[in-house]
file work-v9.pdb (PDB, C-alpha atoms, pLDDT in the B column)
MODEL        1
ATOM      1  CA  MET A   1       4.626  22.613  14.375  1.00 74.00           C
ATOM      2  CA  ILE A   2       4.639  19.924  11.681  1.00 86.00           C
ATOM      3  CA  ASP A   3       7.870  18.008  11.107  1.00 94.00           C
ATOM      4  CA  ARG A   4       7.728  18.136   7.313  1.00 94.00           C
ATOM      5  CA  GLU A   5      10.691  15.837   6.770  1.00 95.00           C
ATOM      6  CA  ARG A   6       9.159  13.193   9.004  1.00 96.00           C
ATOM      7  CA  LEU A   7       5.797  13.600   7.270  1.00 98.00           C
ATOM      8  CA  ALA A   8       7.404  13.146   3.842  1.00 98.00           C
ATOM      9  CA  LYS A   9       9.051   9.925   5.030  1.00 98.00           C
ATOM     10  CA  THR A  10       5.627   8.416   5.772  1.00 98.00           C
ATOM     11  CA  ILE A  11       4.230   9.168   2.308  1.00 98.00           C
ATOM     12  CA  GLU A  12       4.136   6.936  -0.754  1.00 98.00           C
ATOM     13  CA  SER A  13       3.321   9.142  -3.721  1.00 98.00           C
ATOM     14  CA  THR A  14       0.903   7.093  -5.794  1.00 98.00           C
ATOM     15  CA  LEU A  15      -0.132   6.998  -9.441  1.00 98.00           C
ATOM     16  CA  LEU A  16      -2.276   4.010 -10.354  1.00 98.00           C
ATOM     17  CA  LYS A  17      -4.835   5.476 -12.732  1.00 96.00           C
ATOM     18  CA  PRO A  18      -5.032   3.523 -16.008  1.00 96.00           C
ATOM     19  CA  THR A  19      -4.428   6.630 -18.135  1.00 98.00           C
ATOM     20  CA  ALA A  20      -1.055   7.421 -16.538  1.00 98.00           C
ATOM     21  CA  SER A  21       1.682   8.021 -19.111  1.00 98.00           C
ATOM     22  CA  CYS A  22       5.442   7.511 -18.860  1.00 98.00           C
ATOM     23  CA  GLU A  23       5.752  11.286 -18.713  1.00 98.00           C
ATOM     24  CA  ASP A  24       3.339  11.389 -15.770  1.00 98.00           C
ATOM     25  CA  VAL A  25       5.339   8.720 -13.978  1.00 98.00           C
ATOM     26  CA  THR A  26       8.712  10.402 -14.468  1.00 98.00           C
ATOM     27  CA  ALA A  27       7.205  13.669 -13.214  1.00 98.00           C
ATOM     28  CA  LEU A  28       5.986  11.805 -10.117  1.00 98.00           C
ATOM     29  CA  CYS A  29       9.487  10.452  -9.507  1.00 98.00           C
ATOM     30  CA  THR A  30      11.049  13.893  -9.901  1.00 98.00           C
ATOM     31  CA  GLN A  31       8.526  15.264  -7.426  1.00 98.00           C
ATOM     32  CA  ALA A  32       9.247  12.432  -4.980  1.00 98.00           C
ATOM     33  CA  ILE A  33      12.965  13.232  -5.031  1.00 98.00           C
ATOM     34  CA  HIS A  34      12.194  16.910  -4.445  1.00 97.00           C
ATOM     35  CA  TYR A  35      10.034  16.241  -1.381  1.00 98.00           C
ATOM     36  CA  GLY A  36      11.936  13.211  -0.079  1.00 98.00           C
ATOM     37  CA  PHE A  37       9.018  10.799  -0.022  1.00 98.00           C
ATOM     38  CA  ALA A  38       9.324   7.297   1.376  1.00 98.00           C
ATOM     39  CA  GLY A  39       8.222   5.697  -1.866  1.00 98.00           C
ATOM     40  CA  VAL A  40       6.610   5.929  -5.261  1.00 98.00           C
ATOM     41  CA  CYS A  41       3.757   3.512  -5.994  1.00 98.00           C
ATOM     42  CA  VAL A  42       2.939   2.760  -9.628  1.00 98.00           C
ATOM     43  CA  ALA A  43       1.247   0.098 -11.731  1.00 98.00           C
ATOM     44  CA  PRO A  44       3.377  -2.904 -12.769  1.00 98.00           C
ATOM     45  CA  THR A  45       3.649  -1.652 -16.337  1.00 98.00           C
ATOM     46  CA  HIS A  46       5.612   1.365 -15.066  1.00 98.00           C
ATOM     47  CA  ALA A  47       7.685  -0.470 -12.455  1.00 98.00           C
ATOM     48  CA  LYS A  48      10.815  -0.905 -14.595  1.00 98.00           C
ATOM     49  CA  LEU A  49      10.810   2.789 -15.517  1.00 98.00           C
ATOM     50  CA  VAL A  50      10.609   3.816 -11.855  1.00 98.00           C
ATOM     51  CA  VAL A  51      13.271   1.321 -10.754  1.00 98.00           C
ATOM     52  CA  GLU A  52      15.647   2.835 -13.291  1.00 98.00           C
ATOM     53  CA  PHE A  53      14.701   6.449 -12.548  1.00 98.00           C
ATOM     54  CA  LEU A  54      15.076   6.113  -8.780  1.00 98.00           C
ATOM     55  CA  ALA A  55      18.156   3.867  -8.844  1.00 97.00           C
ATOM     56  CA  VAL A  56      20.426   6.547  -7.358  1.00 93.00           C
ATOM     57  CA  SER A  57      17.947   7.567  -4.642  1.00 97.00           C
ATOM     58  CA  ASP A  58      16.816   5.943  -1.390  1.00 97.00           C
ATOM     59  CA  ILE A  59      13.153   6.213  -2.397  1.00 98.00           C
ATOM     60  CA  LYS A  60      11.393   2.859  -2.415  1.00 98.00           C
ATOM     61  CA  VAL A  61       9.797   1.566  -5.600  1.00 98.00           C
ATOM     62  CA  VAL A  62       6.336   0.192  -4.837  1.00 98.00           C
ATOM     63  CA  SER A  63       3.978  -1.682  -7.157  1.00 98.00           C
ATOM     64  CA  VAL A  64       0.835  -3.772  -6.913  1.00 98.00           C
ATOM     65  CA  ALA A  65      -0.323  -7.338  -7.511  1.00 98.00           C
ATOM     66  CA  GLY A  66      -3.795  -8.861  -7.666  1.00 98.00           C
ATOM     67  CA  PHE A  67      -4.948  -5.318  -8.230  1.00 98.00           C
ATOM     68  CA  PRO A  68      -7.546  -3.946  -7.728  1.00 97.00           C
ATOM     69  CA  LEU A  69     -10.072  -6.730  -7.020  1.00 97.00           C
ATOM     70  CA  GLY A  70      -7.937  -9.488  -5.506  1.00 98.00           C
ATOM     71  CA  ASN A  71      -9.800 -12.267  -7.302  1.00 97.00           C
ATOM     72  CA  GLN A  72      -7.079 -13.483  -9.635  1.00 98.00           C
ATOM     73  CA  THR A  73      -5.948 -17.062  -9.158  1.00 98.00           C
ATOM     74  CA  THR A  74      -3.195 -17.714  -6.646  1.00 98.00           C
ATOM     75  CA  THR A  75      -0.878 -18.777  -9.469  1.00 98.00           C
ATOM     76  CA  THR A  76      -1.481 -15.502 -11.307  1.00 98.00           C
ATOM     77  CA  LYS A  77      -0.872 -13.404  -8.202  1.00 98.00           C
ATOM     78  CA  ALA A  78       2.313 -15.276  -7.381  1.00 98.00           C
ATOM     79  CA  ALA A  79       3.555 -14.807 -10.959  1.00 98.00           C
ATOM     80  CA  GLU A  80       2.857 -11.072 -10.746  1.00 98.00           C
ATOM     81  CA  VAL A  81       4.819 -10.844  -7.519  1.00 98.00           C
ATOM     82  CA  ALA A  82       7.701 -12.856  -8.959  1.00 98.00           C
ATOM     83  CA  GLU A  83       7.905 -10.568 -11.982  1.00 98.00           C
ATOM     84  CA  LEU A  84       7.917  -7.446  -9.812  1.00 98.00           C
ATOM     85  CA  VAL A  85      10.727  -8.892  -7.717  1.00 98.00           C
ATOM     86  CA  GLU A  86      12.666  -9.659 -10.903  1.00 98.00           C
ATOM     87  CA  LEU A  87      12.175  -6.058 -12.042  1.00 98.00           C
ATOM     88  CA  GLY A  88      13.753  -4.819  -8.819  1.00 98.00           C
ATOM     89  CA  VAL A  89      10.673  -3.482  -7.031  1.00 98.00           C
ATOM     90  CA  ASP A  90      11.301  -2.895  -3.321  1.00 98.00           C
ATOM     91  CA  GLU A  91       7.758  -3.189  -1.995  1.00 98.00           C
ATOM     92  CA  ILE A  92       4.673  -5.008  -3.264  1.00 99.00           C
ATOM     93  CA  ASP A  93       1.078  -4.246  -2.297  1.00 98.00           C
ATOM     94  CA  VAL A  94      -1.097  -7.305  -2.956  1.00 98.00           C
ATOM     95  CA  VAL A  95      -4.888  -7.432  -2.672  1.00 98.00           C
ATOM     96  CA  VAL A  96      -6.261 -10.193  -0.480  1.00 98.00           C
ATOM     97  CA  ASN A  97      -8.909 -12.449  -2.023  1.00 98.00           C
ATOM     98  CA  ILE A  98     -11.872 -10.527  -0.634  1.00 98.00           C
ATOM     99  CA  GLY A  99     -14.432 -13.137  -1.678  1.00 97.00           C
ATOM    100  CA  MET A 100     -12.591 -15.862   0.193  1.00 98.00           C
ATOM    101  CA  VAL A 101     -12.382 -13.666   3.283  1.00 98.00           C
ATOM    102  CA  LEU A 102     -16.112 -12.975   3.235  1.00 98.00           C
ATOM    103  CA  GLU A 103     -16.834 -16.689   2.756  1.00 97.00           C
ATOM    104  CA  LYS A 104     -14.633 -17.418   5.802  1.00 97.00           C
ATOM    105  CA  ARG A 105     -12.223 -19.585   3.784  1.00 98.00           C
ATOM    106  CA  ALA A 106      -9.422 -18.713   6.148  1.00 98.00           C
ATOM    107  CA  MET A 107      -7.140 -21.621   5.312  1.00 98.00           C
ATOM    108  CA  GLU A 108      -7.232 -20.807   1.591  1.00 98.00           C
ATOM    109  CA  VAL A 109      -6.550 -17.129   2.266  1.00 98.00           C
ATOM    110  CA  ALA A 110      -3.641 -18.039   4.521  1.00 98.00           C
ATOM    111  CA  SER A 111      -2.256 -20.500   1.969  1.00 98.00           C
ATOM    112  CA  GLU A 112      -2.356 -17.920  -0.819  1.00 98.00           C
ATOM    113  CA  LEU A 113      -0.719 -15.204   1.261  1.00 98.00           C
ATOM    114  CA  GLY A 114       1.883 -17.661   2.522  1.00 98.00           C
ATOM    115  CA  LEU A 115       2.891 -18.527  -1.043  1.00 98.00           C
ATOM    116  CA  ILE A 116       3.015 -14.855  -2.017  1.00 98.00           C
ATOM    117  CA  ARG A 117       5.185 -14.142   1.025  1.00 98.00           C
ATOM    118  CA  ARG A 118       7.659 -16.805  -0.062  1.00 98.00           C
ATOM    119  CA  VAL A 119       7.730 -15.588  -3.663  1.00 98.00           C
ATOM    120  CA  ALA A 120       8.207 -11.975  -2.518  1.00 98.00           C
ATOM    121  CA  GLY A 121      11.427 -12.958  -0.769  1.00 98.00           C
ATOM    122  CA  ASP A 122      13.147  -9.925   0.713  1.00 98.00           C
ATOM    123  CA  ALA A 123      10.689  -7.458  -0.813  1.00 98.00           C
ATOM    124  CA  THR A 124       8.418  -5.667   1.635  1.00 98.00           C
ATOM    125  CA  LEU A 125       4.925  -7.162   1.395  1.00 98.00           C
ATOM    126  CA  LYS A 126       1.812  -5.119   2.103  1.00 98.00           C
ATOM    127  CA  VAL A 127      -1.564  -6.874   2.151  1.00 99.00           C
ATOM    128  CA  ILE A 128      -4.484  -4.738   0.998  1.00 98.00           C
ATOM    129  CA  LEU A 129      -7.640  -5.729   2.874  1.00 98.00           C
ATOM    130  CA  GLU A 130     -10.111  -3.312   1.227  1.00 98.00           C
ATOM    131  CA  THR A 131     -11.597  -2.635   4.646  1.00 98.00           C
ATOM    132  CA  ALA A 132     -14.588  -0.680   3.328  1.00 97.00           C
ATOM    133  CA  THR A 133     -15.741  -3.842   1.542  1.00 97.00           C
ATOM    134  CA  LEU A 134     -15.099  -6.146   4.484  1.00 97.00           C
ATOM    135  CA  GLU A 135     -16.892  -3.497   6.567  1.00 92.00           C
ATOM    136  CA  HIS A 136     -17.545  -5.386   9.819  1.00 96.00           C
ATOM    137  CA  PRO A 137     -14.833  -4.881  12.485  1.00 97.00           C
ATOM    138  CA  ARG A 138     -14.637  -8.582  13.329  1.00 97.00           C
ATOM    139  CA  VAL A 139     -14.191  -9.540   9.672  1.00 98.00           C
ATOM    140  CA  ILE A 140     -11.500  -6.875   9.215  1.00 98.00           C
ATOM    141  CA  LYS A 141      -9.573  -8.024  12.283  1.00 97.00           C
ATOM    142  CA  ASP A 142      -9.834 -11.689  11.307  1.00 97.00           C
ATOM    143  CA  ALA A 143      -8.511 -10.938   7.815  1.00 98.00           C
ATOM    144  CA  ALA A 144      -5.746  -8.814   9.295  1.00 98.00           C
ATOM    145  CA  ALA A 145      -4.760 -11.641  11.643  1.00 98.00           C
ATOM    146  CA  ILE A 146      -4.424 -14.023   8.697  1.00 98.00           C
ATOM    147  CA  ALA A 147      -2.241 -11.525   6.844  1.00 98.00           C
ATOM    148  CA  VAL A 148      -0.010 -10.988   9.877  1.00 98.00           C
ATOM    149  CA  GLY A 149       0.286 -14.737  10.367  1.00 98.00           C
ATOM    150  CA  ALA A 150       1.325 -15.152   6.732  1.00 98.00           C
ATOM    151  CA  GLY A 151       4.186 -12.711   7.198  1.00 98.00           C
ATOM    152  CA  ALA A 152       2.828  -9.398   5.936  1.00 98.00           C
ATOM    153  CA  ASP A 153       5.127  -6.457   6.590  1.00 98.00           C
ATOM    154  CA  TYR A 154       2.196  -4.043   6.432  1.00 98.00           C
ATOM    155  CA  LEU A 155      -1.573  -4.178   6.567  1.00 98.00           C
ATOM    156  CA  LYS A 156      -3.089  -1.737   4.074  1.00 98.00           C
ATOM    157  CA  THR A 157      -6.607  -0.354   4.208  1.00 98.00           C
ATOM    158  CA  SER A 158      -7.632   0.134   0.604  1.00 98.00           C
ATOM    159  CA  THR A 159      -6.851   0.057  -3.097  1.00 98.00           C
ATOM    160  CA  GLY A 160      -8.387   3.455  -3.710  1.00 96.00           C
ATOM    161  CA  PHE A 161     -10.717   1.783  -6.217  1.00 96.00           C
ATOM    162  CA  GLY A 162     -13.161   0.288  -3.698  1.00 95.00           C
ATOM    163  CA  PRO A 163     -16.403   1.641  -2.220  1.00 95.00           C
ATOM    164  CA  ALA A 164     -14.487   3.960   0.136  1.00 96.00           C
ATOM    165  CA  GLY A 165     -10.940   4.749   1.130  1.00 95.00           C
ATOM    166  CA  ALA A 166      -9.164   4.743   4.446  1.00 97.00           C
ATOM    167  CA  SER A 167     -10.893   5.702   7.671  1.00 98.00           C
ATOM    168  CA  VAL A 168      -9.515   6.451  11.109  1.00 98.00           C
ATOM    169  CA  GLU A 169     -11.679   3.676  12.547  1.00 98.00           C
ATOM    170  CA  HIS A 170     -10.260   1.074  10.163  1.00 98.00           C
ATOM    171  CA  VAL A 171      -6.673   2.209  10.696  1.00 98.00           C
ATOM    172  CA  LYS A 172      -7.172   1.735  14.430  1.00 98.00           C
ATOM    173  CA  LEU A 173      -8.612  -1.747  13.835  1.00 98.00           C
ATOM    174  CA  LEU A 174      -5.594  -2.732  11.760  1.00 98.00           C
ATOM    175  CA  CYS A 175      -3.236  -1.381  14.409  1.00 98.00           C
ATOM    176  CA  GLU A 176      -5.030  -3.448  17.049  1.00 97.00           C
ATOM    177  CA  ALA A 177      -4.725  -6.549  14.860  1.00 96.00           C
ATOM    178  CA  ALA A 178      -1.066  -5.879  14.054  1.00 97.00           C
ATOM    179  CA  ARG A 179      -0.097  -5.444  17.712  1.00 95.00           C
ATOM    180  CA  GLY A 180       3.244  -4.046  16.649  1.00 96.00           C
ATOM    181  CA  ARG A 181       4.150  -7.105  14.566  1.00 97.00           C
ATOM    182  CA  CYS A 182       3.851  -5.214  11.285  1.00 98.00           C
ATOM    183  CA  GLY A 183       3.133  -1.726  10.003  1.00 98.00           C
ATOM    184  CA  VAL A 184      -0.130  -0.184   8.823  1.00 98.00           C
ATOM    185  CA  LYS A 185      -0.571   1.716   5.566  1.00 98.00           C
ATOM    186  CA  ALA A 186      -3.564   4.006   5.116  1.00 98.00           C
ATOM    187  CA  ALA A 187      -4.538   4.621   1.497  1.00 98.00           C
ATOM    188  CA  GLY A 188      -7.558   5.775  -0.464  1.00 98.00           C
ATOM    189  CA  GLY A 189      -9.171   9.197  -0.250  1.00 97.00           C
ATOM    190  CA  ILE A 190      -6.314  10.887   1.614  1.00 98.00           C
ATOM    191  CA  GLY A 191      -6.304  14.189  -0.214  1.00 97.00           C
ATOM    192  CA  ASP A 192      -5.314  16.810   2.349  1.00 98.00           C
ATOM    193  CA  LEU A 193      -3.006  17.419   5.274  1.00 98.00           C
ATOM    194  CA  ASN A 194      -5.590  17.061   8.035  1.00 98.00           C
ATOM    195  CA  THR A 195      -6.704  13.663   6.748  1.00 98.00           C
ATOM    196  CA  ALA A 196      -3.111  12.450   6.470  1.00 98.00           C
ATOM    197  CA  LEU A 197      -2.318  13.614  10.009  1.00 98.00           C
ATOM    198  CA  ALA A 198      -5.473  11.956  11.342  1.00 98.00           C
ATOM    199  CA  MET A 199      -4.379   8.632   9.844  1.00 98.00           C
ATOM    200  CA  ILE A 200      -0.911   8.979  11.356  1.00 98.00           C
ATOM    201  CA  GLU A 201      -2.434   9.881  14.729  1.00 98.00           C
ATOM    202  CA  ALA A 202      -4.579   6.734  14.469  1.00 98.00           C
ATOM    203  CA  GLY A 203      -1.414   4.661  14.064  1.00 98.00           C
ATOM    204  CA  ALA A 204      -0.617   4.511  10.340  1.00 98.00           C
ATOM    205  CA  ASN A 205       3.098   4.200   9.562  1.00 97.00           C
ATOM    206  CA  ARG A 206       2.645   4.848   5.864  1.00 98.00           C
ATOM    207  CA  ILE A 207       0.292   7.023   3.839  1.00 98.00           C
ATOM    208  CA  GLY A 208      -0.512   6.165   0.236  1.00 98.00           C
ATOM    209  CA  THR A 209      -1.861   9.149  -1.667  1.00 98.00           C
ATOM    210  CA  SER A 210      -2.113  10.624  -5.129  1.00 98.00           C
ATOM    211  CA  SER A 211      -2.132  14.075  -3.495  1.00 98.00           C
ATOM    212  CA  ALA A 212       1.344  13.828  -1.969  1.00 98.00           C
ATOM    213  CA  ALA A 213       2.684  17.131  -3.309  1.00 98.00           C
ATOM    214  CA  ALA A 214      -0.466  19.016  -2.323  1.00 98.00           C
ATOM    215  CA  ILE A 215      -0.230  17.634   1.212  1.00 98.00           C
ATOM    216  CA  MET A 216       3.395  18.712   1.518  1.00 98.00           C
ATOM    217  CA  ASP A 217       2.648  22.165   0.123  1.00 96.00           C
ATOM    218  CA  GLU A 218      -0.154  22.479   2.665  1.00 96.00           C
ATOM    219  CA  ALA A 219       2.252  21.449   5.441  1.00 96.00           C
ATOM    220  CA  GLN A 220       4.753  24.034   4.229  1.00 92.00           C
ATOM    221  CA  ALA A 221       2.120  26.741   4.587  1.00 87.00           C
ATOM    222  CA  VAL A 222       1.226  25.839   8.188  1.00 82.00           C
TER     223      VAL A 222
ENDMDL
END
call {"tool": "encode", "arguments": {"input": "work-v9.pdb", "output": "structure tokens"}}
result
Amino acid sequence: MIDRERLAKTIESTLLKPTASCEDVTALCTQAIHYGFAGVCVAPTHAKLVVEFLAVSDIKVVSVAGFPLGNQTTTTKAAEVAELVELGVDEIDVVVNIGMVLEKRAMEVASELGLIRRVAGDATLKVILETATLEHPRVIKDAAAIAVGAGADYLKTSTGFGPAGASVEHVKLLCEAARGRCGVKAAGGIGDLNTALAMIEAGANRIGTSSAAAIMDEAQAV
């Protein structure tokens, strides 16, 4: 039997499509309160609205920086993070500089993430590795190790805008790299209950999905 309350507390209900309206976002927040989700993840432009809407709840407000490609300058990323913190966002998902990772510029990647960690302060920091782009297990684990060393609170698989979303294999790789020092968030392409449960079974502590309500309704029917 599925523990629906526990499942809900692993889910971040996500709305990052560029056409999302304020009405869409407030509906997402209302839905999150109804189901008791762990968090609501929205684009920075909607962060203030969500902070205000969810102020009387325990649902975390999540937003993104360096999104979705990760190739902004370090200064730009840090400024994005600082603004989100100022807006009252609880958790920030930042995209690693994928090009630097692939070029094996580990010191530069570590320096950037270290600065972002400091700017984020007490906010929870999730580092998005876009594992489907990094592709090779060794590259994924090396990038994950840098993120952990820089103080990431979570390693996250995907933006949902890359070549593919989360996979069980990549979640397991991130869990191996984390070694219990931080959490793992699976995101991208998680559209049904079985996929969500497979990610959790593989070790994911958080699930980012734009199909949160559908997953919970499916769980209710089991």
call {"tool": "residues_around", "arguments": {"input": "work-v9.pdb", "residues": "stretch 43-46 of chain A", "least_positions_apart": "5", "cutoff": "12 Å", "atoms": "only C-alpha atoms", "output": "VMD selection string"}}
result
chain A and resid 14 to 26 28 to 29 51 to 53 61 to 68 80 to 89 91 to 94 159
call {"tool": "closest_residue", "arguments": {"input": "work-v9.pdb", "among": "A:His34, A:Val101, A:Gly208, A:Val109", "to": "A:Thr131", "atoms": "only C-alpha atoms"}}
result
A:Val101
call {"tool": "closest_residue", "arguments": {"input": "work-v9.pdb", "among": "A:Ala147, A:Ala8, A:Ala47, A:Cys41", "to": "A:Gly114", "atoms": "only C-alpha atoms"}}
result
A:Ala147
call {"tool": "closest_residue", "arguments": {"input": "work-v9.pdb", "among": "A:Asp3, A:Asp122, A:Glu12, A:Asp90", "to": "A:Gln220", "atoms": "only C-alpha atoms"}}
result
A:Asp3
call {"tool": "residues_around", "arguments": {"input": "work-v9.pdb", "residues": "A:Arg181", "least_positions_apart": "2", "cutoff": "10 Å", "atoms": "all atoms listed in the file", "output": "CSV table (one decimal) with C-alpha atoms, in the frame of the given file"}}
result
chain,number,residue,atom,x,y,z
A,148,VAL,CA,0.0,-11.0,9.9
A,149,GLY,CA,0.3,-14.7,10.4
A,151,GLY,CA,4.2,-12.7,7.2
A,152,ALA,CA,2.8,-9.4,5.9
A,153,ASP,CA,5.1,-6.5,6.6
A,154,TYR,CA,2.2,-4.0,6.4
A,175,CYS,CA,-3.2,-1.4,14.4
A,177,ALA,CA,-4.7,-6.5,14.9
A,178,ALA,CA,-1.1,-5.9,14.1
A,179,ARG,CA,-0.1,-5.4,17.7
A,183,GLY,CA,3.1,-1.7,10.0
A,184,VAL,CA,-0.1,-0.2,8.8
call {"tool": "residues_around", "arguments": {"input": "work-v9.pdb", "residues": "A:Ala38", "least_positions_apart": "2", "cutoff": "9 Å", "atoms": "all atoms listed in the file", "output": "list in words"}}
result
Ala8, Lys9, Thr10, Ile11, Glu12, Ser13, Ala32, Gly36, Val40, Asp58, Ile59, Lys60 and Arg206 of chain A
call {"tool": "resolve_selection", "arguments": {"input": "work-v9.pdb", "expression": "the PyMOL selection byres ((chain A and resi 72) around 12)", "output": "VMD selection string"}}
result
chain A and resid 65 to 71 73 to 80 94 to 100 112
call {"tool": "residues_around", "arguments": {"input": "work-v9.pdb", "residues": "A:Lys104", "least_positions_apart": "6", "cutoff": "10 Å", "atoms": "only C-alpha atoms", "output": "list in words"}}
result
Ile98, Val139, Asp142 and Ala143 of chain A
call {"tool": "atom_distance", "arguments": {"input": "work-v9.pdb", "atom1": "atom CA of A:Phe37", "atom2": "atom CA of A:Asn194"}}
result
17.8 Å
call {"tool": "residues_around", "arguments": {"input": "work-v9.pdb", "residues": "A:Ala144", "least_positions_apart": "6", "cutoff": "9 Å", "atoms": "all atoms listed in the file", "output": "number ranges by chain"}}
result
A: 127, 129, 155, 173-174, 177-178
call {"tool": "atom_distance", "arguments": {"input": "work-v9.pdb", "atom1": "atom CA of A:Leu125", "atom2": "atom CA of A:Tyr35"}}
result
24.1 Å
call {"tool": "atom_distance", "arguments": {"input": "work-v9.pdb", "atom1": "atom CA of A:Ala166", "atom2": "atom CA of A:Leu115"}}
result
26.8 Å
call {"tool": "closest_residue", "arguments": {"input": "work-v9.pdb", "among": "A:Met199, A:Ile2, A:Val171, A:Cys182", "to": "A:Pro137", "atoms": "all atoms listed in the file"}}
result
A:Val171
call {"tool": "closest_residue", "arguments": {"input": "work-v9.pdb", "among": "A:Gly162, A:Gly121, A:Gly191, A:Gly180", "to": "A:Gly203", "atoms": "all atoms listed in the file"}}
result
A:Gly180
